[in-house]
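For reference, coords.cif is printed below; it contains mmCIF, C-alpha atoms.
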```cif
data_protein
loop_
_atom_site.label_atom_id
_atom_site.label_comp_id
_atom_site.auth_asym_id
_atom_site.auth_seq_id
_atom_site.Cartn_x
_atom_site.Cartn_y
_atom_site.Cartn_z
CA MET A 1 -108.69 28.40 14.94
CA LEU A 2 -110.41 31.32 13.35
CA ARG A 3 -108.56 32.06 10.08
CA THR A 4 -110.41 35.21 8.99
CA ILE A 5 -110.38 38.75 10.30
CA LYS A 6 -113.75 40.50 10.50
CA LEU A 7 -113.75 44.15 9.64
CA VAL A 8 -116.34 46.44 11.23
CA GLY A 9 -117.72 49.21 8.97
CA LEU A 10 -119.63 52.27 10.06
CA LEU A 11 -122.66 53.38 8.00
CA SER A 12 -123.84 57.02 8.08
CA ILE A 13 -127.37 58.15 7.07
CA ILE A 14 -128.06 61.80 6.42
CA SER A 15 -131.72 62.90 6.45
CA THR A 16 -132.76 66.01 4.57
CA VAL A 17 -135.91 67.90 5.48
CA ALA A 18 -137.44 70.59 3.24
CA PHE A 19 -138.96 73.57 4.96
CA ALA A 20 -141.36 76.04 3.33
CA GLN A 21 -140.38 79.67 3.32
CA ILE A 22 -142.69 81.72 5.53
CA LYS A 23 -143.20 85.33 4.43
CA PRO A 24 -145.29 87.55 6.75
CA THR A 25 -147.41 90.29 5.14
CA LEU A 26 -148.65 93.60 6.48
CA ASN A 27 -152.24 94.98 6.31
CA SER A 28 -153.58 98.39 7.47
CA LYS A 29 -157.04 98.82 8.92
CA PRO A 30 -159.13 101.72 7.37
CA GLY A 31 -158.87 104.86 9.33
CA THR A 32 -155.60 103.89 11.07
CA ASN A 33 -152.03 104.63 10.24
CA ALA A 34 -150.54 101.63 12.03
CA ALA A 35 -149.89 98.55 10.05
CA GLN A 36 -151.25 95.37 11.64
CA PRO A 37 -149.59 91.99 11.11
CA VAL A 38 -151.72 89.35 9.53
CA LYS A 39 -151.31 85.78 10.81
CA VAL A 40 -150.48 83.41 8.02
CA THR A 41 -150.59 79.66 8.30
CA PRO A 42 -147.68 78.17 6.35
CA LYS A 43 -148.25 75.31 3.97
CA LEU A 44 -145.84 72.43 4.60
CA ASN A 45 -144.98 69.96 1.87
CA PRO A 46 -144.98 66.40 3.18
CA VAL A 47 -141.51 64.74 3.32
CA PRO A 48 -141.44 61.18 2.05
CA ALA A 49 -140.02 58.67 4.51
CA LEU A 50 -136.52 57.34 3.76
CA PRO A 51 -136.29 53.61 3.23
CA ALA A 52 -134.59 51.71 6.02
CA PRO A 53 -130.97 50.73 5.20
CA LYS A 54 -130.47 47.13 4.20
CA PRO A 55 -128.29 45.19 6.59
CA GLN A 56 -124.77 44.60 5.20
CA ALA A 57 -122.58 41.67 5.95
CA ALA A 58 -119.23 42.53 7.55
CA PRO A 59 -116.42 42.11 5.03
CA THR A 60 -114.08 39.22 5.70
CA MET A 61 -110.44 38.60 4.84
CA PRO A 62 -109.56 35.71 2.54
CA ALA A 63 -108.26 32.60 4.24
CA MET A 64 -104.52 32.43 4.82
CA LYS A 65 -102.34 30.38 2.52
CA LYS A 66 -99.77 28.04 3.97
CA ILE A 67 -96.12 28.22 2.90
CA ASN A 68 -94.98 25.60 5.42
CA ALA A 69 -95.95 24.30 8.85
CA ASN A 70 -94.61 27.46 10.53
CA LEU A 71 -95.69 30.19 8.14
CA GLU A 72 -98.95 31.38 6.55
CA TYR A 73 -99.81 34.57 4.71
CA VAL A 74 -102.59 36.54 3.08
CA PHE A 75 -102.42 39.55 0.77
CA MET A 76 -104.32 42.63 1.88
CA VAL A 77 -103.14 44.54 -1.22
CA ASP A 78 -101.86 42.63 -4.22
CA LYS A 79 -100.81 45.01 -6.99
CA PRO A 80 -99.85 43.75 -10.44
CA SER A 81 -96.33 45.15 -10.41
CA SER A 82 -92.74 43.93 -10.44
CA PRO A 83 -90.14 42.85 -9.51
CA LYS A 84 -90.46 40.25 -6.79
CA PRO A 85 -87.51 40.31 -4.37
CA LYS A 86 -84.88 37.62 -4.77
CA GLU A 87 -81.63 36.74 -3.06
CA GLY A 88 -79.14 39.59 -3.26
CA ASP A 89 -81.79 42.28 -3.74
CA GLN A 90 -82.25 45.24 -1.37
CA ILE A 91 -85.77 46.08 -0.17
CA LYS A 92 -87.55 48.81 1.78
CA VAL A 93 -90.54 47.84 3.93
CA HIS A 94 -92.82 49.07 6.65
CA LEU A 95 -93.01 46.28 9.21
CA LEU A 96 -95.07 45.74 12.33
CA SER A 97 -95.14 42.59 14.47
CA VAL A 98 -97.63 41.60 17.17
CA VAL A 99 -97.89 38.65 19.56
CA ASN A 100 -100.90 38.11 21.79
CA ASN A 101 -102.10 41.65 21.10
CA ARG A 102 -98.75 43.04 22.22
CA LEU A 103 -96.70 45.17 19.87
CA MET A 104 -93.22 43.70 19.37
CA PHE A 105 -91.83 45.95 16.63
CA ASN A 106 -92.95 48.97 14.64
CA SER A 107 -90.61 50.19 11.91
CA ARG A 108 -92.42 53.51 11.57
CA ALA A 109 -91.83 54.29 15.25
CA THR A 110 -88.19 53.19 15.27
CA ASN A 111 -87.25 54.72 11.91
CA LYS A 112 -89.02 58.09 12.02
CA ASN A 113 -91.90 56.92 9.83
CA LYS A 114 -89.49 55.85 7.10
CA PRO A 115 -89.27 52.31 5.74
CA ILE A 116 -86.46 50.08 6.93
CA GLU A 117 -84.02 48.71 4.38
CA PHE A 118 -82.29 45.34 4.30
CA GLY A 119 -80.91 42.76 1.92
CA ILE A 120 -82.66 39.56 0.89
CA ASN A 121 -80.81 36.42 1.92
CA LYS A 122 -81.83 32.79 1.86
CA PRO A 123 -84.50 31.99 4.49
CA ALA A 124 -82.67 31.15 7.72
CA PHE A 125 -85.29 28.72 9.02
CA LYS A 126 -88.70 27.27 8.29
CA GLY A 127 -91.02 30.13 9.20
CA ASP A 128 -88.69 32.96 8.16
CA ILE A 129 -90.88 35.76 6.74
CA ILE A 130 -88.38 36.20 3.90
CA GLU A 131 -90.22 33.31 2.25
CA ALA A 132 -93.42 35.36 2.21
CA ILE A 133 -91.77 38.66 1.27
CA THR A 134 -90.36 37.08 -1.90
CA LEU A 135 -93.97 36.62 -3.07
CA MET A 136 -94.64 40.37 -2.92
CA THR A 137 -94.07 43.21 -5.37
CA PRO A 138 -93.72 46.94 -4.61
CA GLY A 139 -96.99 48.39 -3.31
CA ASP A 140 -98.23 45.09 -1.86
CA SER A 141 -99.37 44.68 1.73
CA MET A 142 -99.44 41.33 3.47
CA ILE A 143 -100.21 39.73 6.82
CA CYS A 144 -98.02 36.81 7.84
CA MET A 145 -98.61 34.43 10.70
CA ALA A 146 -95.49 32.62 11.95
CA ASP A 147 -94.97 30.12 14.72
CA ALA A 148 -93.54 32.03 17.68
CA ASP A 149 -91.30 29.17 18.83
CA ALA A 150 -89.74 28.92 15.36
CA VAL A 151 -89.17 32.68 15.25
CA PHE A 152 -87.58 33.11 18.68
CA SER A 153 -85.54 29.89 18.57
CA ASN A 154 -83.79 31.36 15.53
CA SER A 155 -83.41 34.85 16.99
CA LYS A 156 -80.89 36.49 19.31
CA THR A 157 -83.85 38.03 21.14
CA LYS A 158 -85.01 36.05 24.16
CA LYS A 159 -88.62 34.88 23.95
CA PRO A 160 -90.80 36.90 26.36
CA ASP A 161 -92.49 34.98 29.17
CA PHE A 162 -95.98 35.90 27.94
CA ILE A 163 -95.44 33.94 24.72
CA LYS A 164 -96.45 30.30 25.13
CA LYS A 165 -96.09 27.26 22.96
CA GLY A 166 -98.41 27.43 19.97
CA ASP A 167 -98.62 31.25 19.97
CA LYS A 168 -98.29 33.08 16.68
CA VAL A 169 -96.37 36.15 15.59
CA PHE A 170 -98.40 38.33 13.23
CA TYR A 171 -96.41 40.45 10.79
CA PHE A 172 -98.00 43.34 8.93
CA ILE A 173 -95.77 44.08 5.95
CA LYS A 174 -95.88 46.73 3.24
CA LEU A 175 -93.28 46.38 0.51
CA VAL A 176 -92.22 49.87 -0.56
CA SER A 177 -89.47 49.18 -3.10
CA VAL A 178 -87.12 46.55 -4.50
CA LYS A 179 -83.60 47.25 -5.68
CA THR A 180 -82.22 44.38 -7.73
CA LYS A 181 -78.89 42.75 -7.02
CA GLU A 182 -77.50 44.29 -10.20
CA GLU A 183 -78.68 47.77 -9.16
CA VAL A 184 -77.18 47.27 -5.69
CA GLN A 185 -73.83 46.22 -7.16
CA LYS A 186 -73.89 49.16 -9.57
CA GLU A 187 -74.60 51.60 -6.73
CA GLN A 188 -71.92 50.02 -4.53
CA GLN A 189 -69.40 50.27 -7.35
CA ALA A 190 -70.33 53.90 -7.99
CA ALA A 191 -70.05 54.67 -4.26
CA PHE A 192 -66.66 52.93 -4.09
CA GLN A 193 -65.38 54.85 -7.12
CA LYS A 194 -66.66 58.10 -5.62
CA GLN A 195 -64.87 57.31 -2.36
CA ILE A 196 -61.63 56.56 -4.24
CA ARG A 197 -61.94 59.80 -6.22
CA GLU A 198 -62.54 61.77 -3.04
CA GLN A 199 -59.57 60.12 -1.33
CA LEU A 200 -57.32 60.76 -4.33
CA ASP A 201 -58.54 64.35 -4.55
CA LYS A 202 -57.84 64.84 -0.86
CA GLN A 203 -54.44 63.20 -1.22
CA PHE A 204 -53.62 65.33 -4.28
CA LYS A 205 -54.54 68.53 -2.44
CA GLU A 206 -52.49 67.50 0.57
CA GLU A 207 -49.51 66.59 -1.61
CA ALA A 208 -49.80 69.89 -3.48
CA LYS A 209 -49.85 71.74 -0.16
CA ILE A 210 -46.77 69.87 1.06
CA ALA A 211 -45.00 70.34 -2.30
CA ALA A 212 -45.57 74.11 -2.17
CA LYS A 213 -44.26 74.25 1.39
CA GLU A 214 -41.16 72.20 0.52
CA GLU A 215 -40.49 74.24 -2.61
CA LYS A 216 -40.47 77.37 -0.48
CA GLU A 217 -38.07 75.72 1.98
CA LEU A 218 -35.75 74.56 -0.80
CA GLN A 219 -35.61 77.98 -2.46
CA ALA A 220 -34.81 79.59 0.90
CA TYR A 221 -32.10 76.97 1.46
CA PHE A 222 -30.58 77.54 -2.00
CA THR A 223 -30.59 81.30 -1.47
CA LYS A 224 -28.95 80.99 1.92
CA LYS A 225 -26.27 78.57 0.64
CA ASN A 226 -25.84 80.40 -2.68
CA ILE A 227 -26.66 77.23 -4.65
CA ASN A 228 -27.84 77.25 -8.27
CA PRO A 229 -29.14 73.72 -8.83
CA LEU A 230 -30.58 72.00 -11.88
CA LYS A 231 -34.07 70.50 -11.73
CA THR A 232 -35.32 67.18 -13.06
CA PRO A 233 -38.75 66.71 -14.68
CA LEU A 234 -40.05 65.10 -11.47
CA GLY A 235 -38.89 68.01 -9.33
CA THR A 236 -35.65 66.81 -7.75
CA TYR A 237 -32.87 69.40 -7.62
CA TYR A 238 -29.20 68.49 -8.11
CA THR A 239 -25.76 70.00 -8.52
CA ILE A 240 -22.82 68.24 -10.19
CA ASN A 241 -19.87 69.13 -7.97
CA GLU A 242 -17.29 67.14 -9.96
CA LYS A 243 -18.32 66.12 -13.45
CA GLY A 244 -16.95 62.82 -14.69
CA ASP A 245 -15.93 62.14 -18.26
CA GLY A 246 -17.48 58.69 -18.60
CA ALA A 247 -20.74 57.36 -19.97
CA ILE A 248 -24.15 58.22 -18.56
CA PRO A 249 -26.02 55.19 -17.18
CA LYS A 250 -29.17 53.98 -18.87
CA THR A 251 -32.25 52.27 -17.47
CA GLY A 252 -31.36 48.66 -16.74
CA ASP A 253 -27.67 49.32 -16.14
CA THR A 254 -26.30 48.46 -12.71
CA VAL A 255 -24.73 51.47 -11.00
CA VAL A 256 -22.20 51.39 -8.15
CA MET A 257 -22.48 54.30 -5.71
CA ASN A 258 -21.02 55.89 -2.62
CA TYR A 259 -23.37 58.17 -0.69
CA THR A 260 -24.14 60.09 2.47
CA GLY A 261 -27.73 61.04 3.29
CA LYS A 262 -28.70 64.03 5.44
CA LEU A 263 -31.73 66.00 6.48
CA MET A 264 -32.01 69.72 5.70
CA ASP A 265 -30.53 70.58 9.10
CA GLY A 266 -27.42 68.50 8.33
CA THR A 267 -28.33 65.46 10.45
CA LYS A 268 -26.90 62.29 8.87
CA PHE A 269 -29.27 59.33 8.66
CA ASP A 270 -27.22 56.91 6.49
CA SER A 271 -23.88 56.54 4.68
CA ASN A 272 -21.66 53.88 3.15
CA GLU A 273 -18.64 56.15 3.56
CA ASP A 274 -19.02 56.88 7.28
CA THR A 275 -17.96 53.89 9.43
CA THR A 276 -20.46 54.97 12.08
CA PHE A 277 -23.18 53.29 10.01
CA HIS A 278 -21.23 49.98 9.73
CA HIS A 279 -21.61 49.36 5.99
CA VAL A 280 -18.83 50.84 3.91
CA GLN A 281 -19.11 48.60 0.87
CA PRO A 282 -20.23 50.33 -2.37
CA PHE A 283 -23.97 50.30 -3.00
CA GLU A 284 -25.10 48.87 -6.34
CA PHE A 285 -28.52 48.44 -7.89
CA PRO A 286 -30.19 48.29 -11.34
CA LEU A 287 -31.22 51.76 -12.46
CA GLY A 288 -34.92 52.36 -13.13
CA ALA A 289 -36.11 49.15 -11.45
CA ASN A 290 -37.73 50.87 -8.42
CA ARG A 291 -35.09 49.42 -6.08
CA VAL A 292 -34.40 52.87 -4.65
CA ILE A 293 -36.37 56.06 -4.03
CA LYS A 294 -37.69 57.96 -7.05
CA GLY A 295 -35.27 60.85 -6.54
CA TRP A 296 -32.30 58.49 -6.96
CA ASP A 297 -33.74 56.44 -9.81
CA GLU A 298 -34.34 59.55 -11.91
CA THR A 299 -31.41 61.80 -11.03
CA ILE A 300 -28.54 59.31 -11.34
CA GLY A 301 -29.46 59.08 -15.01
CA PHE A 302 -28.08 62.65 -15.44
CA LEU A 303 -24.60 61.88 -14.05
CA PRO A 304 -21.62 60.86 -16.17
CA LEU A 305 -19.42 58.10 -14.72
CA ASN A 306 -17.11 59.21 -11.86
CA SER A 307 -19.19 62.31 -11.13
CA ARG A 308 -19.75 63.68 -7.64
CA ALA A 309 -23.10 65.35 -7.05
CA THR A 310 -25.58 66.52 -4.45
CA PHE A 311 -29.28 65.67 -4.69
CA TYR A 312 -32.01 67.76 -3.01
CA ILE A 313 -34.99 65.45 -2.97
CA PRO A 314 -38.54 66.62 -2.05
CA SER A 315 -40.41 64.17 0.15
CA ARG A 316 -42.72 63.13 -2.71
CA ASN A 317 -39.62 61.72 -4.48
CA GLY A 318 -38.24 60.33 -1.22
CA TYR A 319 -40.05 58.50 1.56
CA GLY A 320 -43.16 60.68 1.60
CA PRO A 321 -45.56 60.70 4.54
CA GLN A 322 -44.39 57.26 5.71
CA GLY A 323 -40.85 58.29 6.57
CA GLN A 324 -38.15 55.67 7.12
CA ALA A 325 -36.25 54.73 10.28
CA LYS A 326 -34.41 57.96 11.23
CA ILE A 327 -36.21 59.93 8.50
CA PRO A 328 -39.33 61.78 9.69
CA ALA A 329 -42.43 61.87 7.49
CA ASN A 330 -42.42 64.44 4.66
CA SER A 331 -38.72 65.16 4.93
CA ILE A 332 -36.61 66.80 2.24
CA LEU A 333 -33.48 64.68 1.75
CA VAL A 334 -29.96 65.81 0.82
CA PHE A 335 -27.60 63.20 -0.65
CA ASP A 336 -23.92 63.59 -1.49
CA VAL A 337 -23.25 60.86 -4.07
CA GLN A 338 -20.48 59.53 -6.28
CA LEU A 339 -21.04 57.34 -9.36
CA ASN A 340 -18.14 54.86 -9.21
CA ASN A 341 -19.02 52.31 -11.86
CA ILE A 342 -21.59 51.37 -14.49
CA LYS A 343 -22.28 47.74 -15.38
CA PRO A 344 -24.16 47.73 -18.67
CA LYS A 345 -27.38 45.81 -18.87
CA ILE A 346 -26.84 42.34 -20.25
CA GLU A 347 -29.13 41.84 -23.17
CA THR A 348 -30.57 38.34 -23.36
CA PRO A 349 -30.29 37.07 -26.94
CA LYS A 350 -33.61 36.31 -28.53
CA THR A 351 -34.11 32.67 -29.45
CA GLU A 352 -35.65 32.20 -32.84
CA ILE A 353 -38.26 29.49 -33.03
CA LYS A 354 -37.94 27.50 -36.25
#
```
Can the structure from this file be put into structure tokens for me?
Amino acid sequence: MLRTIKLVGLLSIISTVAFAQIKPTLNSKPGTNAAQPVKVTPKLNPVPALPAPKPQAAPTMPAMKKINANLEYVFMVDKPSSPKPKEGDQIKVHLLSVVNNRLMFNSRATNKNKPIEFGINKPAFKGDIIEAITLMTPGDSMICMADADAVFSNSKTKKPDFIKKGDKVFYFIKLVSVKTKEEVQKEQQAAFQKQIREQLDKQFKEEAKIAAKEEKELQAYFTKKNINPLKTPLGTYYTINEKGDGAIPKTGDTVVMNYTGKLMDGTKFDSNEDTTFHHVQPFEFPLGANRVIKGWDETIGFLPLNSRATFYIPSRNGYGPQGQAKIPANSILVFDVQLNNIKPKIETPKTEIK
């Protein structure tokens, strides 16, 4: 098989000829007024003959180098640059493939004249052009010749009927750039962090919008009901309807409560005092352990033992956008509560190691 590609060059020869300037003169005969032209014979300088061009041999491509039985390659441009692609790197290439003088793929046509980009993985089979690409550096151009049977037997694309056993796929590859695995990971991490920041920013803006809306609703509700509530640092409002004279619970203490929960329109959604909800036993939990909604965990810490109070809890301190059973998303919650008992946190004695 012929292993070289002959290139045909066109030679152009430009001949230059020097011409003498011809200047006619005028002469008047005696006794006449009319000027008569005088015929002048121009003197021409001889032009030396140009030597005949020497015949030039058509340039030839270096012989292909074999990587394995199914793949050979030759550099058309081999620039002394770096890096060479390796597994995990991301590359950009212009790629064209031809079989039996038929164009199979042209990245410039399919990608609007821009290089295609893909990651470098381990060669999938003997004859995978990845093996040749890993020999290149940015700026290099290469021709690869791969066994067509090996290529299509490892491809999801069905082999065309015009391709016969022993035919070759020629790949014309130009490596545009290499992005190392470390650079790819750094960019992916930066993109992920940017996405998180954007999501958090969007969430913050949405929460701020909801909070402003709920604050307006609460103030209108308080005005209508003539309520003057207190406000916690996290934004829950409360009124102490009957103030107890006992201790105030601390984080870690177990509190025992009775409660009835309602929506702003008065609809009950839960209670351990109303038999309709089938659980009338007192509700107890450790305070500050995230066993209940934020509005409860914070606000109960302001109630002396035996107090009765009402909590007005914005959705951000309740069930938020998720909602809960009979509680729609982003609902303000109203709880009538009573602190019945406080079980102090049991401190575990420290064991001294001797």
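Straight-line separation from CA of Gly295 in chain A to CA of Ile227 in chain A: 18.6 Å.
Among the candidates A:Pro344, A:Gly139, A:Gly119, A:Pro321, the residue lying nearest to Thr251 in chain A is A:Pro344 (atoms considered: only C-alpha atoms).
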One decimal, in Å: what's the spacing between CA of Pro286 in chain A and CA of Pro304 in chain A?
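A separation of 16.0 Å between them.
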Matched chain/residue IDs from the PyMOL selection byres ((chain A and resi 258-271) around 7), as a compact mmCIF listing (two decimals) with C-alpha atoms, keeping the file's coordinate frame:
```txt
# COMPACT_ATOMS: atom_id res chain seq x y z
CA MET A 257 -22.48 54.30 -5.71
CA ASN A 272 -21.66 53.88 3.15
CA GLU A 273 -18.64 56.15 3.56
CA ASP A 274 -19.02 56.88 7.28
CA PHE A 277 -23.18 53.29 10.01
CA PRO A 282 -20.23 50.33 -2.37
CA PHE A 283 -23.97 50.30 -3.00
CA LYS A 326 -34.41 57.96 11.23
CA ILE A 327 -36.21 59.93 8.50
CA ILE A 332 -36.61 66.80 2.24
CA LEU A 333 -33.48 64.68 1.75
CA VAL A 334 -29.96 65.81 0.82
CA PHE A 335 -27.60 63.20 -0.65
CA ASP A 336 -23.92 63.59 -1.49
CA VAL A 337 -23.25 60.86 -4.07
CA GLN A 338 -20.48 59.53 -6.28
CA LEU A 339 -21.04 57.34 -9.36
```
List the residues selected by the PyMOL selection byres ((chain A and resi 71) around 8) in the file shown, writing them as number ranges by chain.
A: 66-70, 72-73, 126-129, 144-147
Put those residues in a file: C-alpha atoms, as a PDB file, in the coordinates of the input.
```
ATOM      1  CA  LYS A  66     -99.770  28.040   3.970  1.00  0.00           C
ATOM      2  CA  ILE A  67     -96.120  28.220   2.900  1.00  0.00           C
ATOM      3  CA  ASN A  68     -94.980  25.600   5.420  1.00  0.00           C
ATOM      4  CA  ALA A  69     -95.950  24.300   8.850  1.00  0.00           C
ATOM      5  CA  ASN A  70     -94.610  27.460  10.530  1.00  0.00           C
ATOM      6  CA  GLU A  72     -98.950  31.380   6.550  1.00  0.00           C
ATOM      7  CA  TYR A  73     -99.810  34.570   4.710  1.00  0.00           C
ATOM      8  CA  LYS A 126     -88.700  27.270   8.290  1.00  0.00           C
ATOM      9  CA  GLY A 127     -91.020  30.130   9.200  1.00  0.00           C
ATOM     10  CA  ASP A 128     -88.690  32.960   8.160  1.00  0.00           C
ATOM     11  CA  ILE A 129     -90.880  35.760   6.740  1.00  0.00           C
ATOM     12  CA  CYS A 144     -98.020  36.810   7.840  1.00  0.00           C
ATOM     13  CA  MET A 145     -98.610  34.430  10.700  1.00  0.00           C
ATOM     14  CA  ALA A 146     -95.490  32.620  11.950  1.00  0.00           C
ATOM     15  CA  ASP A 147     -94.970  30.120  14.720  1.00  0.00           C
TER      16      ASP A 147
END
```
Residue by residue, what does the PyMOL selection byres ((chain A and resi 229) around 9) grab here? Present the result as a ChimeraX atom specification.
/A:222,227-228,230-231,237-240,312
Rank A:Arg197, A:Arg102, A:Lys168, A:Lys114 by their smallest atom-to-atom distance to Ala148 in chain A, using only C-alpha atoms, and report the top residue only.
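For Ala148 in chain A, the nearest of the candidates is A:Lys168.
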Shell around Phe125 in chain A at 10 Å using only C-alpha atoms, local window under 3 positions removed, as a list in words:
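What passes the distance filter is Asn70, Lys122, Asp128, Ile129, Ile130, Glu131, Ala150, Val151, Ser153 and Asn154 of chain A.
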Supply range 100-126 of chain A as a PDB file, in the frame of the given file, with N, CA and C atoms built in where the input has gaps.
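File produced: part-v3.pdb:
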```pdb
ATOM      1  N   ASN A 100     -99.918  38.048  20.699  1.00  0.00           N
ATOM      2  CA  ASN A 100    -100.900  38.110  21.790  1.00  0.00           C
ATOM      3  C   ASN A 100    -101.345  39.542  22.080  1.00  0.00           C
ATOM      4  N   ASN A 101    -101.636  40.267  21.011  1.00  0.00           N
ATOM      5  CA  ASN A 101    -102.100  41.650  21.100  1.00  0.00           C
ATOM      6  C   ASN A 101    -101.068  42.602  21.710  1.00  0.00           C
ATOM      7  N   ARG A 102     -99.815  42.167  21.724  1.00  0.00           N
ATOM      8  CA  ARG A 102     -98.750  43.040  22.220  1.00  0.00           C
ATOM      9  C   ARG A 102     -97.825  43.398  21.058  1.00  0.00           C
ATOM     10  N   LEU A 103     -97.556  44.689  20.943  1.00  0.00           N
ATOM     11  CA  LEU A 103     -96.700  45.170  19.870  1.00  0.00           C
ATOM     12  C   LEU A 103     -95.251  44.803  20.160  1.00  0.00           C
ATOM     13  N   MET A 104     -94.617  44.114  19.219  1.00  0.00           N
ATOM     14  CA  MET A 104     -93.220  43.700  19.370  1.00  0.00           C
ATOM     15  C   MET A 104     -92.271  44.639  18.625  1.00  0.00           C
ATOM     16  N   PHE A 105     -92.695  45.102  17.451  1.00  0.00           N
ATOM     17  CA  PHE A 105     -91.830  45.950  16.630  1.00  0.00           C
ATOM     18  C   PHE A 105     -92.690  46.805  15.720  1.00  0.00           C
ATOM     19  N   ASN A 106     -92.259  48.049  15.532  1.00  0.00           N
ATOM     20  CA  ASN A 106     -92.950  48.970  14.640  1.00  0.00           C
ATOM     21  C   ASN A 106     -91.890  49.804  13.919  1.00  0.00           C
ATOM     22  N   SER A 107     -91.671  49.509  12.645  1.00  0.00           N
ATOM     23  CA  SER A 107     -90.610  50.190  11.910  1.00  0.00           C
ATOM     24  C   SER A 107     -90.868  51.685  11.791  1.00  0.00           C
ATOM     25  N   ARG A 108     -92.117  52.085  11.694  1.00  0.00           N
ATOM     26  CA  ARG A 108     -92.420  53.510  11.570  1.00  0.00           C
ATOM     27  C   ARG A 108     -91.996  54.277  12.835  1.00  0.00           C
ATOM     28  N   ALA A 109     -92.195  53.632  14.000  1.00  0.00           N
ATOM     29  CA  ALA A 109     -91.830  54.290  15.250  1.00  0.00           C
ATOM     30  C   ALA A 109     -90.319  54.330  15.443  1.00  0.00           C
ATOM     31  N   THR A 110     -89.636  53.261  15.049  1.00  0.00           N
ATOM     32  CA  THR A 110     -88.190  53.190  15.270  1.00  0.00           C
ATOM     33  C   THR A 110     -87.390  53.906  14.191  1.00  0.00           C
ATOM     34  N   ASN A 111     -88.003  54.139  13.026  1.00  0.00           N
ATOM     35  CA  ASN A 111     -87.250  54.720  11.910  1.00  0.00           C
ATOM     36  C   ASN A 111     -87.873  56.031  11.408  1.00  0.00           C
ATOM     37  N   LYS A 112     -88.477  56.769  12.332  1.00  0.00           N
ATOM     38  CA  LYS A 112     -89.020  58.090  12.020  1.00  0.00           C
ATOM     39  C   LYS A 112     -89.982  58.068  10.833  1.00  0.00           C
ATOM     40  N   ASN A 113     -90.848  57.075  10.838  1.00  0.00           N
ATOM     41  CA  ASN A 113     -91.900  56.920   9.830  1.00  0.00           C
ATOM     42  C   ASN A 113     -91.351  56.599   8.435  1.00  0.00           C
ATOM     43  N   LYS A 114     -90.086  56.245   8.372  1.00  0.00           N
ATOM     44  CA  LYS A 114     -89.490  55.850   7.100  1.00  0.00           C
ATOM     45  C   LYS A 114     -89.379  54.337   7.041  1.00  0.00           C
ATOM     46  N   PRO A 115     -89.413  53.763   5.844  1.00  0.00           N
ATOM     47  CA  PRO A 115     -89.270  52.310   5.740  1.00  0.00           C
ATOM     48  C   PRO A 115     -87.868  51.856   6.125  1.00  0.00           C
ATOM     49  N   ILE A 116     -87.773  50.656   6.643  1.00  0.00           N
ATOM     50  CA  ILE A 116     -86.460  50.080   6.930  1.00  0.00           C
ATOM     51  C   ILE A 116     -85.945  49.394   5.677  1.00  0.00           C
ATOM     52  N   GLU A 117     -84.646  49.267   5.582  1.00  0.00           N
ATOM     53  CA  GLU A 117     -84.020  48.710   4.380  1.00  0.00           C
ATOM     54  C   GLU A 117     -83.109  47.562   4.778  1.00  0.00           C
ATOM     55  N   PHE A 118     -83.191  46.465   4.045  1.00  0.00           N
ATOM     56  CA  PHE A 118     -82.290  45.340   4.300  1.00  0.00           C
ATOM     57  C   PHE A 118     -82.173  44.474   3.055  1.00  0.00           C
ATOM     58  N   GLY A 119     -81.160  43.633   3.061  1.00  0.00           N
ATOM     59  CA  GLY A 119     -80.910  42.760   1.920  1.00  0.00           C
ATOM     60  C   GLY A 119     -81.644  41.437   2.060  1.00  0.00           C
ATOM     61  N   ILE A 120     -81.983  40.856   0.913  1.00  0.00           N
ATOM     62  CA  ILE A 120     -82.660  39.560   0.890  1.00  0.00           C
ATOM     63  C   ILE A 120     -81.622  38.444   0.859  1.00  0.00           C
ATOM     64  N   ASN A 121     -81.654  37.610   1.881  1.00  0.00           N
ATOM     65  CA  ASN A 121     -80.810  36.420   1.920  1.00  0.00           C
ATOM     66  C   ASN A 121     -81.690  35.181   1.859  1.00  0.00           C
ATOM     67  N   LYS A 122     -81.052  34.022   1.821  1.00  0.00           N
ATOM     68  CA  LYS A 122     -81.830  32.790   1.860  1.00  0.00           C
ATOM     69  C   LYS A 122     -82.555  32.699   3.198  1.00  0.00           C
ATOM     70  N   PRO A 123     -83.791  32.146   3.216  1.00  0.00           N
ATOM     71  CA  PRO A 123     -84.500  31.990   4.490  1.00  0.00           C
ATOM     72  C   PRO A 123     -83.635  31.233   5.497  1.00  0.00           C
ATOM     73  N   ALA A 124     -83.551  31.749   6.722  1.00  0.00           N
ATOM     74  CA  ALA A 124     -82.670  31.150   7.720  1.00  0.00           C
ATOM     75  C   ALA A 124     -83.289  29.947   8.409  1.00  0.00           C
ATOM     76  N   PHE A 125     -84.619  29.839   8.344  1.00  0.00           N
ATOM     77  CA  PHE A 125     -85.290  28.720   9.020  1.00  0.00           C
ATOM     78  C   PHE A 125     -86.689  28.586   8.440  1.00  0.00           C
ATOM     79  N   LYS A 126     -87.336  27.489   8.744  1.00  0.00           N
ATOM     80  CA  LYS A 126     -88.700  27.270   8.290  1.00  0.00           C
ATOM     81  C   LYS A 126     -89.636  28.140   9.129  1.00  0.00           C
TER      82      LYS A 126
END
```
